[in-house]
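Printed here is my_file.txt (compact mmCIF, C-alpha atoms):
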# COMPACT_ATOMS: atom_id res chain seq x y z
CA MET A 937 0.00 0.00 0.00
CA HIS A 938 2.79 2.34 0.96
CA LYS A 939 4.68 1.47 -2.22
CA LEU A 940 1.63 2.19 -4.31
CA LEU A 941 1.17 5.55 -2.64
CA ALA A 942 4.84 6.36 -3.21
CA ARG A 943 4.46 5.53 -6.89
CA LEU A 944 1.38 7.71 -7.13
CA ARG A 945 3.25 10.52 -5.43
CA LEU A 946 6.12 10.23 -7.91
CA LEU A 947 3.68 10.43 -10.78
CA GLY A 948 2.02 13.46 -9.26
CA ARG A 949 5.34 15.17 -8.75
CA ALA A 950 6.35 14.53 -12.36
CA GLY A 951 3.04 15.94 -13.55
CA LEU A 952 3.38 19.03 -11.37
CA GLU A 953 6.93 19.60 -12.57
CA GLY A 954 5.79 19.31 -16.16
CA PHE A 955 3.05 21.89 -15.68
CA GLU A 956 5.43 24.12 -13.77
CA ALA A 957 7.91 24.05 -16.66
CA LEU A 958 5.09 24.80 -19.10
CA GLY A 959 4.04 27.76 -16.99
CA ARG A 960 7.61 29.04 -16.71
CA SER A 961 8.04 28.79 -20.47
CA VAL A 962 4.83 30.76 -21.12
CA ILE A 963 5.90 33.44 -18.64
CA MET A 964 9.38 33.57 -20.19
CA LEU A 965 8.01 33.92 -23.70
CA SER A 966 5.44 36.58 -22.81
CA ARG A 967 8.05 38.59 -20.90
CA ALA A 968 10.50 38.24 -23.79
CA ILE A 969 7.93 39.47 -26.30
CA PHE A 970 5.95 42.04 -24.32
CA GLY A 971 8.47 43.05 -21.65
CA ARG A 972 10.09 46.45 -21.30
CA SER A 973 12.14 47.51 -24.28
CA VAL A 974 15.79 46.74 -24.69
CA PHE A 975 18.73 49.02 -24.20
CA GLY A 976 20.55 49.56 -27.49
CA SER A 977 19.62 48.76 -31.03
CA ARG A 978 17.04 46.03 -31.40
CA TYR A 979 17.62 45.90 -35.13
CA GLN A 980 21.28 44.92 -34.82
CA LEU A 981 20.55 42.17 -32.28
CA LEU A 982 17.88 40.69 -34.54
CA LEU A 983 20.14 40.99 -37.57
CA ALA A 984 22.95 39.05 -35.93
CA GLN A 985 20.51 36.29 -34.93
CA LEU A 986 18.88 36.18 -38.37
CA TYR A 987 22.34 35.64 -39.75
CA SER A 988 23.33 32.81 -37.40
CA VAL A 989 19.90 31.12 -37.31
CA GLY A 990 18.68 31.72 -40.86
CA VAL A 991 21.54 32.35 -43.25
CA LEU A 992 23.85 29.73 -41.79
CA SER A 993 21.06 27.11 -42.03
CA LEU A 994 20.67 27.76 -45.75
CA VAL A 995 23.28 25.24 -46.88
CA ILE A 996 21.81 22.23 -45.07
CA ILE A 997 18.27 23.25 -46.11
CA THR A 998 19.07 23.65 -49.82
CA VAL A 999 21.15 20.49 -50.03
CA SER A 1000 18.58 18.32 -48.27
CA GLY A 1001 15.75 19.93 -50.23
CA LEU A 1002 17.51 19.15 -53.48
CA PHE A 1003 18.11 15.52 -52.56
CA ILE A 1004 14.63 14.93 -51.16
CA GLY A 1005 13.08 16.36 -54.33
CA MET A 1006 15.31 14.17 -56.47
CA VAL A 1007 14.49 11.02 -54.49
CA LEU A 1008 10.76 11.77 -54.56
CA SER A 1009 10.90 12.18 -58.31
CA LEU A 1010 12.82 8.94 -58.77
CA GLN A 1011 10.56 6.91 -56.48
CA GLY A 1012 7.39 8.43 -57.88
CA TYR A 1013 8.50 7.74 -61.42
CA ASN A 1014 9.25 4.10 -60.69
CA ILE A 1015 5.80 3.56 -59.23
CA LEU A 1016 3.78 5.70 -61.64
CA VAL A 1017 5.45 4.41 -64.80
CA THR A 1018 3.84 1.01 -64.21
CA TYR A 1019 0.45 2.73 -64.60
CA GLY A 1020 1.62 4.72 -67.57
CA SER A 1021 0.98 8.01 -65.78
CA GLU A 1022 4.52 9.24 -65.21
CA GLN A 1023 3.46 12.78 -66.08
CA ALA A 1024 1.86 12.92 -62.61
CA VAL A 1025 5.32 12.87 -61.02
CA GLY A 1026 5.36 16.68 -60.97
CA GLN A 1027 2.04 16.79 -59.16
CA MET A 1028 3.20 14.20 -56.62
CA VAL A 1029 6.53 15.92 -55.94
CA ALA A 1030 4.97 19.37 -55.62
CA LEU A 1031 2.09 18.35 -53.37
CA THR A 1032 4.30 16.24 -51.11
CA LEU A 1033 6.85 19.01 -50.71
CA VAL A 1034 4.51 21.98 -50.39
CA ARG A 1035 2.04 20.32 -48.05
CA GLU A 1036 4.17 18.04 -45.89
CA LEU A 1037 7.87 17.52 -46.39
CA GLY A 1038 8.77 21.18 -46.89
CA PRO A 1039 7.54 22.41 -43.52
CA VAL A 1040 8.18 19.19 -41.55
CA VAL A 1041 11.68 18.28 -42.72
CA THR A 1042 12.75 21.91 -42.54
CA ALA A 1043 11.50 22.08 -38.95
CA LEU A 1044 13.33 18.86 -38.01
CA LEU A 1045 16.58 20.03 -39.62
CA PHE A 1046 16.10 23.45 -38.09
CA ALA A 1047 15.69 21.93 -34.63
CA GLY A 1048 18.91 20.00 -35.06
CA ARG A 1049 20.91 22.75 -36.72
CA ALA A 1050 19.70 25.98 -35.11
CA GLY A 1051 17.59 24.90 -32.12
CA SER A 1052 20.36 22.94 -30.43
CA ALA A 1053 22.79 25.82 -31.00
CA LEU A 1054 20.36 28.29 -29.42
CA THR A 1055 19.91 26.08 -26.36
CA ALA A 1056 23.64 25.48 -25.90
CA GLU A 1057 24.45 29.18 -26.32
CA ILE A 1058 21.86 30.42 -23.83
CA GLY A 1059 22.63 27.56 -21.43
CA LEU A 1060 26.33 28.37 -21.47
CA MET A 1061 25.56 32.05 -20.91
CA LYS A 1062 23.59 30.99 -17.87
CA ALA A 1063 26.35 28.65 -16.61
CA THR A 1064 29.02 31.34 -16.95
CA GLU A 1065 26.69 33.80 -15.17
CA GLN A 1066 26.50 36.17 -18.10
CA LEU A 1067 22.73 36.31 -17.74
CA SER A 1068 22.85 37.25 -14.06
CA SER A 1069 25.56 39.87 -14.65
CA MET A 1070 23.32 41.40 -17.29
CA GLU A 1071 20.50 41.61 -14.77
CA MET A 1072 22.97 43.17 -12.35
CA ILE A 1073 23.70 46.09 -14.70
CA GLY A 1074 20.02 46.55 -15.39
CA VAL A 1075 19.69 44.84 -18.78
CA ASP A 1076 16.85 42.37 -19.11
CA PRO A 1077 18.39 39.16 -20.54
CA LEU A 1078 14.96 38.06 -21.76
CA LYS A 1079 14.81 41.11 -24.00
CA ARG A 1080 18.46 41.25 -24.91
CA ILE A 1081 19.20 37.53 -25.39
CA VAL A 1082 15.98 35.54 -25.69
CA ALA A 1083 13.70 37.86 -27.69
CA PRO A 1084 15.96 38.43 -30.75
CA ARG A 1085 16.72 34.70 -30.95
CA PHE A 1086 13.05 33.82 -30.76
CA TRP A 1087 12.05 36.32 -33.45
CA ALA A 1088 14.92 35.25 -35.69
CA GLY A 1089 13.77 31.62 -35.56
CA PHE A 1090 10.15 32.61 -36.07
CA ILE A 1091 11.01 34.69 -39.16
CA SER A 1092 13.59 32.30 -40.65
CA MET A 1093 11.52 29.13 -40.52
CA PRO A 1094 8.87 29.97 -43.19
CA ILE A 1095 11.57 31.40 -45.47
CA LEU A 1096 13.67 28.25 -45.09
CA ALA A 1097 10.65 26.01 -45.69
CA LEU A 1098 9.75 27.92 -48.87
CA ILE A 1099 13.32 27.65 -50.13
CA PHE A 1100 13.29 23.93 -49.28
CA SER A 1101 10.11 23.34 -51.30
CA ALA A 1102 11.24 25.43 -54.25
CA VAL A 1103 14.65 23.75 -54.43
CA GLY A 1104 13.06 20.32 -53.99
CA ILE A 1105 10.63 20.86 -56.85
CA MET A 1106 13.49 22.02 -59.07
CA GLY A 1107 15.51 18.96 -58.04
CA GLY A 1108 12.51 16.79 -58.89
CA ALA A 1109 12.32 18.46 -62.30
CA MET A 1110 16.03 17.87 -62.80
CA VAL A 1111 15.71 14.12 -62.23
CA GLY A 1112 12.27 13.70 -63.79
CA VAL A 1113 12.63 15.84 -66.88
CA ASN A 1114 16.33 15.82 -67.68
CA TRP A 1115 17.20 12.31 -66.60
CA LEU A 1116 14.10 10.12 -66.74
CA GLY A 1117 12.63 11.93 -69.74
CA ILE A 1118 9.21 13.04 -68.54
CA TYR A 1119 7.88 15.67 -70.94
CA GLU A 1120 8.68 19.04 -69.36
CA GLY A 1121 5.33 20.61 -70.27
CA SER A 1122 3.35 17.89 -68.54
CA TYR A 1123 5.62 17.92 -65.46
CA TRP A 1124 4.86 21.58 -64.83
CA GLY A 1125 1.39 21.62 -66.38
CA VAL A 1126 -0.07 18.79 -64.31
CA MET A 1127 1.56 20.37 -61.26
CA GLN A 1128 -0.04 23.75 -61.92
CA ASN A 1129 -3.45 22.20 -62.48
CA SER A 1130 -3.43 20.34 -59.19
CA VAL A 1131 -1.62 22.65 -56.76
CA SER A 1132 -3.73 25.50 -55.49
CA PHE A 1133 -2.14 28.58 -53.99
CA THR A 1134 -4.56 29.07 -51.11
CA ASP A 1135 -5.23 25.42 -50.26
CA ASP A 1136 -1.74 24.01 -50.60
CA VAL A 1137 0.92 26.72 -50.60
CA LEU A 1138 -0.63 28.97 -47.95
CA ASN A 1139 -1.46 26.04 -45.68
CA GLY A 1140 2.15 24.88 -45.98
CA ILE A 1141 3.33 28.37 -44.99
CA ILE A 1142 0.96 28.38 -42.00
CA LYS A 1143 2.41 25.03 -40.94
CA SER A 1144 5.97 26.31 -41.13
CA VAL A 1145 5.04 29.43 -39.13
CA VAL A 1146 3.58 27.24 -36.38
CA PHE A 1147 6.63 24.95 -36.42
CA GLY A 1148 8.98 27.94 -36.32
CA PHE A 1149 7.16 29.27 -33.27
CA VAL A 1150 7.20 25.95 -31.42
CA VAL A 1151 10.77 24.90 -32.23
CA THR A 1152 12.36 28.24 -31.30
CA TRP A 1153 10.21 28.51 -28.20
CA ILE A 1154 11.34 25.08 -26.99
CA ALA A 1155 14.97 25.87 -27.89
CA VAL A 1156 15.22 29.21 -26.05
CA PHE A 1157 13.27 27.93 -23.07
CA GLN A 1158 15.42 24.81 -22.67
CA GLY A 1159 18.52 26.99 -22.76
CA TYR A 1160 17.10 29.54 -20.35
CA ASP A 1161 15.82 26.85 -17.98
CA ALA A 1162 18.90 24.61 -18.16
CA ILE A 1163 20.69 23.51 -15.00
CA PRO A 1164 23.87 25.63 -15.21
CA THR A 1165 26.37 22.76 -15.33
CA SER A 1166 28.02 21.09 -18.29
CA GLU A 1167 25.81 18.04 -17.80
CA GLY A 1168 22.71 20.21 -17.53
CA ILE A 1169 23.49 21.97 -20.79
CA SER A 1170 24.06 18.70 -22.61
CA ARG A 1171 20.73 17.40 -21.30
CA ALA A 1172 18.96 20.61 -22.27
CA THR A 1173 20.37 20.40 -25.81
CA THR A 1174 19.19 16.80 -26.15
CA ARG A 1175 15.77 17.74 -24.81
CA THR A 1176 15.48 20.57 -27.35
CA VAL A 1177 16.00 18.23 -30.29
CA VAL A 1178 13.77 15.47 -28.89
CA TYR A 1179 10.92 17.69 -27.72
CA SER A 1180 10.85 19.87 -30.81
CA SER A 1181 10.95 16.88 -33.17
CA LEU A 1182 8.07 15.24 -31.31
CA ALA A 1183 6.14 18.52 -31.15
CA VAL A 1184 6.61 19.11 -34.88
CA LEU A 1185 5.46 15.62 -35.85
CA GLY A 1186 2.50 15.68 -33.47
CA LEU A 1187 1.40 19.17 -34.48
CA ASP A 1188 1.80 18.23 -38.14
CA PHE A 1189 -0.80 15.51 -37.73
CA VAL A 1190 -3.21 17.88 -36.02
CA LEU A 1191 -2.68 20.64 -38.60
CA THR A 1192 -3.04 18.21 -41.50
CA ALA A 1193 -6.25 16.85 -40.02
CA VAL A 1194 -7.64 20.37 -39.72
CA MET A 1195 -6.41 21.60 -43.13
CA PHE A 1196 -6.83 18.61 -45.42
CA GLY A 1197 -8.73 16.00 -43.43
CA GLY A 1198 -12.01 17.91 -43.49
CA LEU A 1199 -12.10 18.06 -39.70
CA MET B 98 32.81 45.71 -42.26
CA ARG B 99 31.55 42.59 -40.56
CA MET B 100 28.21 44.28 -39.96
CA ARG B 101 27.98 45.07 -43.65
CA THR B 102 28.52 41.51 -44.88
CA MET B 103 26.04 40.29 -42.28
CA GLU B 104 23.43 42.76 -43.48
CA ILE B 105 24.04 41.83 -47.09
CA SER B 106 23.73 38.10 -46.39
CA VAL B 107 20.54 38.53 -44.36
CA GLY B 108 19.16 40.66 -47.18
CA ALA B 109 20.06 37.98 -49.71
CA PHE B 110 18.43 35.37 -47.45
CA ILE B 111 15.15 37.29 -47.38
CA VAL B 112 15.30 37.91 -51.15
CA ALA B 113 15.85 34.16 -51.66
CA GLY B 114 12.78 33.50 -49.53
CA ILE B 115 10.66 35.91 -51.55
CA LEU B 116 11.96 34.41 -54.81
CA ALA B 117 11.05 30.94 -53.55
CA LEU B 118 7.54 32.15 -52.70
CA VAL B 119 7.15 33.71 -56.15
CA MET B 120 8.45 30.54 -57.80
CA VAL B 121 6.11 28.32 -55.78
CA ALA B 122 3.18 30.65 -56.42
CA LEU B 123 3.64 31.19 -60.15
CA ARG B 124 5.45 28.13 -61.39
CA VAL B 125 4.04 25.46 -59.08
CA SER B 126 0.52 26.53 -58.19
CA GLY B 127 -0.04 28.38 -61.47
CA LEU B 128 -1.35 31.48 -59.74
CA THR B 129 -2.08 34.01 -62.44
CA VAL B 130 -1.80 37.72 -61.74
CA THR B 131 -4.63 38.53 -64.11
CA THR B 132 -7.83 38.99 -62.15
CA SER B 133 -11.24 37.73 -63.12
CA SER B 134 -12.22 41.21 -64.29
CA ASP B 135 -11.45 40.43 -67.91
CA SER B 136 -13.43 37.23 -68.06
CA TYR B 137 -17.05 36.29 -68.52
CA GLN B 138 -19.26 33.52 -67.18
CA VAL B 139 -21.28 31.05 -69.19
CA VAL B 140 -23.68 28.40 -67.94
CA ALA B 141 -24.22 24.85 -69.16
CA HIS B 142 -26.75 22.25 -67.99
CA PHE B 143 -25.79 18.60 -67.90
CA SER B 144 -27.85 15.56 -67.00
CA ASN B 145 -24.73 14.05 -65.40
CA VAL B 146 -21.45 15.78 -64.62
CA GLY B 147 -19.63 12.58 -63.62
CA GLY B 148 -16.37 13.42 -61.87
CA LEU B 149 -16.11 17.03 -62.99
CA GLY B 150 -14.93 19.26 -60.18
CA VAL B 151 -14.69 22.96 -59.45
CA ARG B 152 -11.49 24.48 -60.94
CA ALA B 153 -11.48 21.89 -63.75
CA LYS B 154 -10.23 23.40 -66.97
CA VAL B 155 -12.44 24.47 -69.84
CA SER B 156 -10.73 23.77 -73.11
CA MET B 157 -11.29 24.54 -76.75
CA SER B 158 -9.35 22.42 -79.26
CA GLY B 159 -7.29 21.23 -76.30
CA VAL B 160 -6.26 24.74 -75.26
CA ALA B 161 -7.30 25.88 -71.79
CA VAL B 162 -9.55 28.92 -72.16
CA GLY B 163 -11.10 29.05 -68.68
CA LYS B 164 -12.13 27.11 -65.62
CA VAL B 165 -15.23 25.74 -63.91
CA VAL B 166 -16.40 28.08 -61.16
CA SER B 167 -19.31 26.25 -59.60
CA ILE B 168 -21.35 23.09 -59.97
CA ASP B 169 -24.73 22.73 -58.34
CA PHE B 170 -27.99 20.92 -58.74
CA ASP B 171 -30.76 22.87 -60.44
CA GLN B 172 -33.99 22.07 -58.62
CA GLU B 173 -36.23 23.37 -61.40
CA THR B 174 -34.80 21.47 -64.32
CA TYR B 175 -33.49 18.49 -62.31
CA ASP B 176 -30.03 18.57 -63.79
CA ALA B 177 -26.56 19.85 -62.95
CA ARG B 178 -25.84 23.53 -63.53
CA VAL B 179 -22.18 24.20 -64.31
CA VAL B 180 -20.94 27.79 -64.31
CA MET B 181 -17.65 28.35 -66.10
CA GLU B 182 -15.44 31.37 -66.39
CA ILE B 183 -13.90 32.02 -69.79
CA GLU B 184 -11.02 34.41 -70.36
CA GLY B 185 -12.11 37.71 -71.89
CA ARG B 186 -9.90 37.45 -74.95
CA TYR B 187 -11.83 34.40 -76.18
CA ASP B 188 -14.99 36.41 -76.77
CA ASN B 189 -16.03 34.88 -80.08
CA ILE B 190 -17.41 31.47 -79.14
CA PRO B 191 -20.39 30.83 -81.48
CA TYR B 192 -23.80 30.67 -79.82
CA ASP B 193 -24.55 27.12 -80.95
CA SER B 194 -21.30 25.59 -79.64
CA THR B 195 -21.47 22.34 -77.72
CA ALA B 196 -20.15 21.88 -74.18
CA SER B 197 -19.17 18.33 -73.34
CA ILE B 198 -17.54 16.66 -70.37
CA LEU B 199 -14.46 14.75 -71.45
CA THR B 200 -11.74 12.74 -69.78
CA SER B 201 -8.07 13.35 -70.36
CA GLY B 202 -6.47 9.98 -70.93
CA LEU B 203 -7.90 6.71 -69.73
CA LEU B 204 -7.75 7.46 -66.00
CA GLY B 205 -7.14 11.20 -66.10
CA GLU B 206 -9.24 13.95 -64.62
CA GLN B 207 -12.38 15.24 -66.29
CA TYR B 208 -12.59 18.58 -68.03
CA LEU B 209 -15.04 20.59 -70.04
CA GLY B 210 -14.50 20.72 -73.79
CA ILE B 211 -16.20 23.21 -76.10
CA SER B 212 -16.75 22.17 -79.69
CA VAL B 213 -17.16 25.24 -81.82
CA GLY B 214 -20.42 25.73 -83.70
CA GLY B 215 -21.17 27.87 -86.75
CA ASP B 216 -23.46 30.63 -85.50
CA ASP B 217 -22.76 34.29 -86.25
CA GLU B 218 -23.74 35.34 -82.75
CA TYR B 219 -21.30 34.86 -79.90
CA LEU B 220 -21.80 33.75 -76.30
CA ALA B 221 -21.77 36.63 -73.83
CA ASP B 222 -21.76 36.88 -70.05
CA GLY B 223 -24.58 34.86 -68.46
CA ASP B 224 -25.53 32.96 -71.62
CA VAL B 225 -26.46 29.29 -71.54
CA PHE B 226 -25.12 26.55 -73.78
CA GLU B 227 -28.00 25.10 -75.78
CA ASP B 228 -26.28 21.88 -76.66
CA THR B 229 -24.46 19.83 -74.06
CA GLN B 230 -23.10 16.34 -73.80
CA SER B 231 -22.92 14.65 -70.40
CA ALA B 232 -20.07 12.73 -68.90
CA LEU B 233 -19.55 9.16 -69.96
CA VAL B 234 -20.30 7.02 -66.92
CA LEU B 235 -18.66 3.65 -67.28
CA GLU B 236 -21.30 1.78 -65.28
CA GLU B 237 -24.13 3.09 -67.46
CA LEU B 238 -22.20 2.14 -70.55
CA ILE B 239 -21.64 -1.40 -69.27
CA GLY B 240 -25.30 -1.58 -68.26
CA LYS B 241 -26.42 -0.64 -71.77
CA PHE B 242 -24.01 -3.10 -73.28
CA ILE B 243 -25.33 -5.95 -71.14
CA LEU B 244 -28.91 -4.97 -71.92
CA ASN B 245 -28.13 -5.04 -75.64
CA ALA B 246 -26.49 -8.41 -75.34
CA VAL B 247 -29.57 -9.76 -73.56
CA ASN B 248 -31.97 -8.25 -76.09
CA THR B 249 -30.22 -9.71 -79.10
CA ASP B 250 -30.45 -13.22 -77.67
Go ahead and render the structure in this file as structure tokens.
Amino acid sequence: MHKLLARLRLLGRAGLEGFEALGRSVIMLSRAIFGRSVFGSRYQLLLAQLYSVGVLSLVIITVSGLFIGMVLSLQGYNILVTYGSEQAVGQMVALTLVRELGPVVTALLFAGRAGSALTAEIGLMKATEQLSSMEMIGVDPLKRIVAPRFWAGFISMPILALIFSAVGIMGGAMVGVNWLGIYEGSYWGVMQNSVSFTDDVLNGIIKSVVFGFVVTWIAVFQGYDAIPTSEGISRATTRTVVYSSLAVLGLDFVLTAVMFGGL
Amino acid sequence: MRMRTMEISVGAFIVAGILALVMVALRVSGLTVTTSSDSYQVVAHFSNVGGLGVRAKVSMSGVAVGKVVSIDFDQETYDARVVMEIEGRYDNIPYDSTASILTSGLLGEQYLGISVGGDDEYLADGDVFEDTQSALVLEELIGKFILNAVNTD
């Protein structure tokens, strides 16, 4: 009986801690966004973060977009050619990328490439007491450190997802049209007939905006909330990648159900 | 100097994003900048529209000249009422032209084809096609075929 109660108590404590962390993250985010304004130029802080979060992620995003588009085209061709409808490869590649793979894969790569870096950076700032010294001289670290990083991730994510989709579709065209010999007119024509701007492209952008929000939020919070030891930072970095990947995949199902599932 | 290269690269990043959006919008989703202002609507009644959907293309001699805007059931005439939007520059479709629902390829999607008639008058906004040809429904065709086979016995 006592053991059972102890178990129950452990479960309760874990639940409470989870909710507490959720509450802290909401407070952190709202203070970072709506808190008192920052000392110095906001523009330059945001610019530096846009560079390190967005521009430096471009290489991995374009390369993986290119390869995913090429693989989709190759796989789609091999299946569709048995039905004699290989001209639908363009439609398949475009819809898959614009609706699903563009936002989702970009968010996963972004969590690994930029999210983990954000967590480690903020966590190390906390461990070396840079954050508390900032508070000491009257600078709000939430505004100075967290807010520009959050906005940079939020802005970069849709741009990266769009670039991913565009590069992927061009990679698909490269394999499908130039290598496998699908007629170029039907590759693009069938694609244009089936992809709608509002239903497919805009919904994909909405997805990537949501993912950008969630991934950067998790990343900056895990860094800000990390236990200020080397082990704590390594755990926080791991948690960022795991939590944001799970959040992205889970949210993707919900968003897809709402957008395309007729829910 | 470092600030300058950073600004330039962030600017290039945002331009790349906008270019990707334009490419996806124009090249992939076929969004046309021309608004519906220079187009006109024509109506056709069909006894069966088959698998025709909204946004299906309207073609003349295989060239897309417009798209289907709405399909609904007409409760007075008990048939399907298809409204299509035809680009303004194709304003000389003869009044006695035929609208028929066709299928592209064996398993392809259905579209609306206009076979040109010989009238001197042209279809204008709000006009109705007098001659239409419904979609070919495979089940009906098979049904007729079986009925014929039974009757000849």
Discussion item. Neighbouring residues of range 101-112 of chain B were defined as those with any atom within 9 Å, considering all atoms listed in the file; residues of the same chain fewer than 3 positions away were excluded. Please report them as a ChimeraX atom specification.
Written reply: /A:983-984,986-987,990-991,994,1092,1095-1096 /B:98,115-117
- Item | Interface residues on chain A facing chain B, 6 Å, only C-alpha atoms, written as a list of chain:residue names |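 The contacting residues on chain A are A:Tyr987, A:Ile1095, A:Leu1098, A:Ile1099, A:Ala1102, A:Gln1128, A:Val1131, A:Ser1132, A:Phe1133.
Across the structure, CA of Ser1068 in chain A and CA of Ala1050 in chain A are spaced 24.1 Å apart.
Every protein or nucleic acid residue with an atom no more than 9 Å from Ser158 in chain B, counting all atoms listed in the file and leaving out same-chain residues fewer than 4 positions away, appears here: Gly210, Ile211, Ser212 and Val213 of chain B.
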Kindly indicate which residue among A:Glu953, A:Glu1036, A:Glu1022, A:Glu1065 lies nearest to Val1126 in chain A, using only C-alpha atoms for the distances.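 Ranked by minimum distance to Val1126 in chain A, first place goes to A:Glu1022.
The residue that comes closest to Asp1136 in chain A, out of A:Ser961, A:Asn1114, A:Thr1152, A:Ser1101 and on the basis of all atoms listed in the file, is A:Ser1101.
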task: Using CA of Val225 in chain B and CA of His142 in chain B as the two end points, give the distance in Å to one decimal.
output: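 Going from CA of Val225 in chain B over to CA of His142 in chain B, I get 7.9 Å.
When CA of Ser1052 in chain A is paired with CA of Thr1176 in chain A, their separation reads 6.2 Å.
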### Selection near Val1029 in chain A, 7 Å with only C-alpha atoms, sequence-local residues under 6 positions removed, as a ChimeraX atom specification
/A:1005,1008-1009,1105,1108
Do you know which residues are at most 9 Å from Ala1024 in chain A counting all atoms listed in the file, after dropping those on the same chain fewer than 4 positions away, and could you put them as a list in words? Gly1012, Tyr1013, Leu1016, Met1028, Val1029, Ser1122, Tyr1123, Val1126 and Met1127 of chain A
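The environment of Val1156 in chain A within 8 Å, counting all atoms listed in the file and disregarding residues fewer than 6 places along the same chain, consists of Gly1051, Leu1054, Thr1055, Ile1058, Val1082, Arg1085 and Phe1086 of chain A.
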Could I get range 1012-1017 of chain A rebuilt with all heavy atoms, written as a short mmCIF file (atom, residue, chain, number, x, y, z; two decimals), in the frame of the given file?
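And here's selection_12.cif as it stands now:
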data_model
loop_
_atom_site.label_atom_id
_atom_site.label_comp_id
_atom_site.auth_asym_id
_atom_site.auth_seq_id
_atom_site.Cartn_x
_atom_site.Cartn_y
_atom_site.Cartn_z
N GLY A 1012 8.70 8.24 -57.28
CA GLY A 1012 7.39 8.43 -57.88
C GLY A 1012 7.37 7.92 -59.31
O GLY A 1012 6.43 7.26 -59.73
N TYR A 1013 8.44 8.19 -60.04
CA TYR A 1013 8.50 7.74 -61.42
C TYR A 1013 8.43 6.22 -61.50
O TYR A 1013 7.68 5.66 -62.30
CB TYR A 1013 9.80 8.24 -62.07
CG TYR A 1013 9.96 7.84 -63.50
CD1 TYR A 1013 9.35 8.56 -64.51
CD2 TYR A 1013 10.71 6.72 -63.85
CE1 TYR A 1013 9.48 8.18 -65.84
CE2 TYR A 1013 10.85 6.33 -65.17
CZ TYR A 1013 10.23 7.06 -66.16
OH TYR A 1013 10.36 6.69 -67.45
N ASN A 1014 9.22 5.56 -60.64
CA ASN A 1014 9.25 4.10 -60.69
C ASN A 1014 7.90 3.47 -60.40
O ASN A 1014 7.56 2.43 -60.96
CB ASN A 1014 10.28 3.56 -59.69
CG ASN A 1014 11.68 3.66 -60.25
OD1 ASN A 1014 11.86 3.65 -61.46
ND2 ASN A 1014 12.66 3.81 -59.38
N ILE A 1015 7.12 4.10 -59.52
CA ILE A 1015 5.80 3.56 -59.23
C ILE A 1015 4.82 3.94 -60.33
O ILE A 1015 4.10 3.10 -60.86
CB ILE A 1015 5.29 4.07 -57.87
CG1 ILE A 1015 6.20 3.57 -56.75
CG2 ILE A 1015 3.86 3.61 -57.63
CD1 ILE A 1015 5.96 4.23 -55.44
N LEU A 1016 4.81 5.21 -60.71
CA LEU A 1016 3.78 5.70 -61.64
C LEU A 1016 3.97 5.17 -63.05
O LEU A 1016 3.00 5.05 -63.80
CB LEU A 1016 3.77 7.23 -61.64
CG LEU A 1016 3.20 7.86 -60.37
CD1 LEU A 1016 3.45 9.35 -60.35
CD2 LEU A 1016 1.72 7.59 -60.26
N VAL A 1017 5.22 4.85 -63.42
CA VAL A 1017 5.45 4.41 -64.80
C VAL A 1017 4.78 3.07 -65.06
O VAL A 1017 4.40 2.77 -66.20
CB VAL A 1017 6.96 4.36 -65.10
CG1 VAL A 1017 7.59 3.09 -64.57
CG2 VAL A 1017 7.22 4.50 -66.59
#
